[in-house]
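Dumped entry18.cif below, it's mmCIF, C-alpha atoms, pLDDT in the B column; chains and numbers go by the auth columns:
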```cif
data_work
#
loop_
_atom_site.group_PDB
_atom_site.id
_atom_site.type_symbol
_atom_site.label_atom_id
_atom_site.label_comp_id
_atom_site.label_asym_id
_atom_site.label_seq_id
_atom_site.Cartn_x
_atom_site.Cartn_y
_atom_site.Cartn_z
_atom_site.B_iso_or_equiv
_atom_site.auth_seq_id
_atom_site.auth_asym_id
ATOM 1 C CA MET A 1 0.000 0.000 0.000 47.00 23 A
ATOM 2 C CA THR A 2 1.258 3.450 -0.839 49.00 24 A
ATOM 3 C CA THR A 3 1.679 5.714 2.135 52.00 25 A
ATOM 4 C CA VAL A 4 1.758 9.454 2.514 57.00 26 A
ATOM 5 C CA ASP A 5 5.149 10.903 1.614 54.00 27 A
ATOM 6 C CA PRO A 6 7.707 10.744 4.448 58.00 28 A
ATOM 7 C CA PRO A 7 8.273 14.000 6.318 61.00 29 A
ATOM 8 C CA GLY A 8 11.920 14.277 5.202 61.00 30 A
ATOM 9 C CA GLN A 9 11.052 14.510 1.490 66.00 31 A
ATOM 10 C CA SER A 10 11.571 17.787 -0.329 78.00 32 A
ATOM 11 C CA GLN A 11 8.559 19.763 -1.434 80.00 33 A
ATOM 12 C CA ALA A 12 9.732 19.643 -5.051 79.00 34 A
ATOM 13 C CA GLY A 13 10.013 15.844 -4.907 80.00 35 A
ATOM 14 C CA THR A 14 6.538 15.542 -3.436 83.00 36 A
ATOM 15 C CA LEU A 15 5.138 17.869 -6.078 84.00 37 A
ATOM 16 C CA ALA A 16 6.806 15.863 -8.846 87.00 38 A
ATOM 17 C CA ARG A 17 5.481 12.559 -7.479 88.00 39 A
ATOM 18 C CA ASN A 18 1.968 13.979 -7.165 88.00 40 A
ATOM 19 C CA GLY A 19 2.180 15.343 -10.710 88.00 41 A
ATOM 20 C CA LEU A 20 3.168 11.927 -12.022 92.00 42 A
ATOM 21 C CA ARG A 21 0.367 10.291 -10.052 90.00 43 A
ATOM 22 C CA ALA A 22 -2.110 12.753 -11.538 91.00 44 A
ATOM 23 C CA LEU A 23 -0.855 12.201 -15.088 93.00 45 A
ATOM 24 C CA ALA A 24 -0.970 8.436 -14.657 94.00 46 A
ATOM 25 C CA ALA A 25 -4.497 8.603 -13.236 93.00 47 A
ATOM 26 C CA ALA A 26 -5.736 10.806 -16.072 93.00 48 A
ATOM 27 C CA ALA A 27 -4.107 8.591 -18.727 95.00 49 A
ATOM 28 C CA GLY A 28 -5.528 5.432 -17.160 96.00 50 A
ATOM 29 C CA TYR A 29 -8.982 6.973 -16.895 94.00 51 A
ATOM 30 C CA TYR A 30 -8.854 8.069 -20.553 93.00 52 A
ATOM 31 C CA ALA A 31 -7.878 4.545 -21.636 94.00 53 A
ATOM 32 C CA CYS A 32 -10.596 2.955 -19.513 94.00 54 A
ATOM 33 C CA VAL A 33 -13.270 5.302 -20.879 90.00 55 A
ATOM 34 C CA TYR A 34 -12.318 4.396 -24.440 88.00 56 A
ATOM 35 C CA VAL A 35 -12.454 0.670 -23.595 90.00 57 A
ATOM 36 C CA GLY A 36 -15.841 1.146 -21.912 88.00 58 A
ATOM 37 C CA THR A 37 -17.145 3.076 -24.892 85.00 59 A
ATOM 38 C CA ALA A 38 -15.982 0.360 -27.274 84.00 60 A
ATOM 39 C CA LEU A 39 -17.824 -2.218 -25.159 85.00 61 A
ATOM 40 C CA SER A 40 -21.057 -0.190 -24.929 82.00 62 A
ATOM 41 C CA LEU A 41 -24.304 -1.804 -25.901 77.00 63 A
ATOM 42 C CA PRO A 42 -26.041 -0.520 -29.035 75.00 64 A
ATOM 43 C CA PRO A 43 -28.352 1.212 -29.822 70.00 65 A
ATOM 44 C CA ALA A 44 -28.520 3.204 -26.556 66.00 66 A
ATOM 45 C CA GLY A 45 -24.767 3.165 -25.959 66.00 67 A
ATOM 46 C CA PHE A 46 -24.956 2.218 -22.294 70.00 68 A
ATOM 47 C CA GLY A 47 -21.864 0.560 -20.919 70.00 69 A
ATOM 48 C CA GLY A 48 -22.482 -2.967 -19.752 75.00 70 A
ATOM 49 C CA PHE A 49 -19.004 -2.855 -18.292 80.00 71 A
ATOM 50 C CA TRP A 50 -17.424 0.451 -17.255 85.00 72 A
ATOM 51 C CA PRO A 51 -13.728 -0.029 -16.474 92.00 73 A
ATOM 52 C CA ALA A 52 -13.171 3.665 -15.655 92.00 74 A
ATOM 53 C CA THR A 53 -15.003 3.309 -12.338 93.00 75 A
ATOM 54 C CA ALA A 54 -13.093 0.119 -11.530 94.00 76 A
ATOM 55 C CA PHE A 55 -9.856 1.964 -12.296 95.00 77 A
ATOM 56 C CA LEU A 56 -10.888 4.808 -9.989 95.00 78 A
ATOM 57 C CA ILE A 57 -11.767 2.326 -7.225 95.00 79 A
ATOM 58 C CA SER A 58 -8.341 0.716 -7.516 93.00 80 A
ATOM 59 C CA ILE A 59 -6.618 4.105 -7.252 93.00 81 A
ATOM 60 C CA LEU A 60 -8.619 5.045 -4.173 93.00 82 A
ATOM 61 C CA LEU A 61 -7.950 1.673 -2.544 90.00 83 A
ATOM 62 C CA LEU A 62 -4.212 1.920 -3.092 88.00 84 A
ATOM 63 C CA ASP A 63 -3.652 5.526 -2.047 88.00 85 A
ATOM 64 C CA PRO A 64 -4.498 7.176 1.280 87.00 86 A
ATOM 65 C CA PRO A 65 -7.553 9.437 1.526 89.00 87 A
ATOM 66 C CA GLN A 66 -5.277 12.471 1.972 90.00 88 A
ATOM 67 C CA ARG A 67 -4.418 12.192 -1.714 90.00 89 A
ATOM 68 C CA TRP A 68 -7.888 11.526 -3.147 92.00 90 A
ATOM 69 C CA TRP A 69 -8.419 15.204 -3.955 93.00 91 A
ATOM 70 C CA LEU A 70 -5.613 14.899 -6.486 93.00 92 A
ATOM 71 C CA TYR A 71 -7.436 12.183 -8.391 94.00 93 A
ATOM 72 C CA VAL A 72 -10.781 13.967 -8.275 94.00 94 A
ATOM 73 C CA ALA A 73 -9.020 17.089 -9.588 94.00 95 A
ATOM 74 C CA VAL A 74 -7.824 15.223 -12.707 94.00 96 A
ATOM 75 C CA ILE A 75 -10.731 12.804 -13.224 94.00 97 A
ATOM 76 C CA VAL A 76 -13.482 15.455 -13.366 95.00 98 A
ATOM 77 C CA PRO A 77 -11.913 17.552 -16.153 95.00 99 A
ATOM 78 C CA ALA A 78 -10.824 14.395 -17.983 94.00 100 A
ATOM 79 C CA HIS A 79 -14.397 13.095 -17.890 93.00 101 A
ATOM 80 C CA PHE A 80 -15.787 16.397 -19.199 94.00 102 A
ATOM 81 C CA HIS A 81 -13.206 16.458 -21.974 94.00 103 A
ATOM 82 C CA LEU A 82 -13.978 12.900 -23.002 92.00 104 A
ATOM 83 C CA ALA A 83 -17.707 13.579 -22.894 90.00 105 A
ATOM 84 C CA SER A 84 -17.220 16.558 -25.210 93.00 106 A
ATOM 85 C CA ILE A 85 -15.554 14.199 -27.694 92.00 107 A
ATOM 86 C CA LEU A 86 -17.637 11.052 -27.296 87.00 108 A
ATOM 87 C CA GLN A 87 -20.997 12.641 -26.402 86.00 109 A
ATOM 88 C CA PRO A 88 -20.927 16.131 -27.906 90.00 110 A
ATOM 89 C CA ASP A 89 -24.709 16.570 -27.591 91.00 111 A
ATOM 90 C CA ALA A 90 -24.906 15.503 -23.919 89.00 112 A
ATOM 91 C CA PRO A 91 -26.166 18.279 -21.642 93.00 113 A
ATOM 92 C CA PHE A 92 -23.886 19.554 -18.874 95.00 114 A
ATOM 93 C CA VAL A 93 -26.165 18.097 -16.188 96.00 115 A
ATOM 94 C CA VAL A 94 -25.944 14.625 -17.730 92.00 116 A
ATOM 95 C CA VAL A 95 -22.135 14.697 -17.832 93.00 117 A
ATOM 96 C CA LEU A 96 -22.020 16.074 -14.288 95.00 118 A
ATOM 97 C CA THR A 97 -24.287 13.220 -13.168 95.00 119 A
ATOM 98 C CA GLN A 98 -22.065 10.676 -14.914 91.00 120 A
ATOM 99 C CA VAL A 99 -18.851 11.820 -13.271 93.00 121 A
ATOM 100 C CA GLY A 100 -20.601 12.376 -9.933 95.00 122 A
ATOM 101 C CA GLY A 101 -22.039 8.873 -10.087 93.00 123 A
ATOM 102 C CA ASN A 102 -18.639 7.388 -10.918 92.00 124 A
ATOM 103 C CA LEU A 103 -17.020 9.194 -7.993 95.00 125 A
ATOM 104 C CA ALA A 104 -19.844 8.303 -5.588 96.00 126 A
ATOM 105 C CA LEU A 105 -19.774 4.635 -6.612 95.00 127 A
ATOM 106 C CA ALA A 106 -15.992 4.506 -6.190 95.00 128 A
ATOM 107 C CA ALA A 107 -16.142 6.175 -2.757 94.00 129 A
ATOM 108 C CA ALA A 108 -18.963 3.874 -1.600 96.00 130 A
ATOM 109 C CA THR A 109 -17.067 0.801 -2.782 95.00 131 A
ATOM 110 C CA VAL A 110 -13.906 1.876 -0.966 93.00 132 A
ATOM 111 C CA ALA A 111 -15.968 2.548 2.181 92.00 133 A
ATOM 112 C CA ALA A 112 -17.480 -0.949 1.965 93.00 134 A
ATOM 113 C CA VAL A 113 -14.048 -2.524 1.488 90.00 135 A
ATOM 114 C CA ASP A 114 -12.752 -0.515 4.454 86.00 136 A
ATOM 115 C CA ARG A 115 -15.529 -1.872 6.648 87.00 137 A
ATOM 116 C CA ALA A 116 -14.913 -5.437 5.492 86.00 138 A
ATOM 117 C CA MET A 117 -11.108 -5.464 5.742 80.00 139 A
ATOM 118 C CA ALA A 118 -8.775 -5.112 8.668 72.00 140 A
ATOM 119 C CA LYS A 119 -6.912 -1.840 9.001 72.00 141 A
ATOM 120 C CA PRO A 120 -4.634 -0.916 7.344 71.00 142 A
ATOM 121 C CA ARG A 121 -5.571 -2.236 3.930 70.00 143 A
ATOM 122 C CA ASP A 122 -2.717 -4.477 2.872 70.00 144 A
ATOM 123 C CA PHE A 123 -2.758 -6.110 -0.535 69.00 145 A
ATOM 124 C CA ASP A 124 0.612 -7.781 -0.102 68.00 146 A
ATOM 125 C CA SER A 125 -0.671 -11.343 0.290 68.00 147 A
ATOM 126 C CA PHE A 126 -3.576 -13.440 -0.916 69.00 148 A
ATOM 127 C CA ARG A 127 -4.679 -14.028 2.684 69.00 149 A
ATOM 128 C CA SER A 128 -5.028 -10.299 3.381 64.00 150 A
ATOM 129 C CA VAL A 129 -7.368 -9.885 0.444 62.00 151 A
#
```

Would you mind writing the file out in structure tokens?
Amino acid sequence: MTTVDPPGQSQAGTLARNGLRALAAAAGYYACVYVGTALSLPPAGFGGFWPATAFLISILLLDPPQRWWLYVAVIVPAHFHLASILQPDAPFVVVLTQVGGNLALAAATVAAVDRAMAKPRDFDSFRSV
């Protein structure tokens, strides 16, 4: 499990690591949205499988809550950008509901996993999962 940066780390190093985390999260979310769109069910275009939310859940499970703001800060604009490309006629409220629903589902799933697992969440062995 990733922990919060140690206190002895420089501010520039922390900023660089957080920037890389944000870029990786945005790139992964973009890729997952495109996969989900390719797997959508015609004619309505609803996703039977939406890997972007699963990707977001995995990020939130692996990083401490102190860093979640970083992921929300990159996921929301990424989602709006992708919606402008893939759903250009979708109203703002619809896109806001989509991204809000994805974030709420991810947060609720992480909360359920937190209740079910011992603290801290360790994914270092099969037994701990």

task: Name all residues at most 10 Å from range 121-131 of chain A (count all atoms listed in the file; drop same-chain ones fewer than 3 positions away) and give them as a list in words.
output: Trp72, Ala74, Thr75, Ala76, Phe77, Leu78, Ile79, Ser80, Ile81, Leu82, Leu83, Trp90, Val94, Ile97, Val98, Pro99, Ala100, His101, Phe102, Ala105, Val116, Val117, Leu118, Ala134, Val135, Asp136 and Arg137 of chain A

- line: One residue among A:Leu92, A:Cys54, A:Ala140, A:Val115 is nearest to Leu37 in chain A when using only C-alpha atoms, and that residue is A:Leu92

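Distance-wise, CA of His103 in chain A and CA of Ala48 in chain A end up 11.1 Å apart.
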
- prompt: Which is closest to Pro87 in chain A among A:Leu61, A:Ala133, A:Ala138, A:Ala34, if we use all atoms listed in the file?
  reply: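 So, comparing all the options, the nearest one is A:Ala133.
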
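Residues in contact with range 58-60 of chain A at up to 7 Å, not including ones fewer than 5 positions away on its chain and judged by only C-alpha atoms, are Gly69, Phe71, Trp72 and Pro73 of chain A.
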
- request: State, in Å with one decimal place, the distance from CA of Arg43 in chain A to CA of Phe114 in chain A.
  value: 27.4 Å

How big is the axis-aligned box around all listed atoms of range 73-89 of chain A once 5 Å goes on each side, and where's its centre, in Å to one decimal, as lines of an AutoDock Vina configuration file?
```
center_x = -9.3
center_y = 6.2
center_z = -7.3
size_x = 21.4
size_y = 22.5
size_z = 28.4
```

Within 9 Å of Asn40 in chain A, counting all atoms listed in the file, which residues show up once you throw out same-chain ones fewer than 5 positions away? Write them as a PDB file with C-alpha atoms, in the frame of the given file, please.
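Wrote out.pdb, looks like this:
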```pdb
ATOM      1  CA  GLY A  35      10.013  15.844  -4.907  1.00 80.00           C
ATOM      2  CA  LEU A  45      -0.855  12.201 -15.088  1.00 93.00           C
ATOM      3  CA  ARG A  89      -4.418  12.192  -1.714  1.00 90.00           C
ATOM      4  CA  LEU A  92      -5.613  14.899  -6.486  1.00 93.00           C
TER       5      LEU A  92
END
```
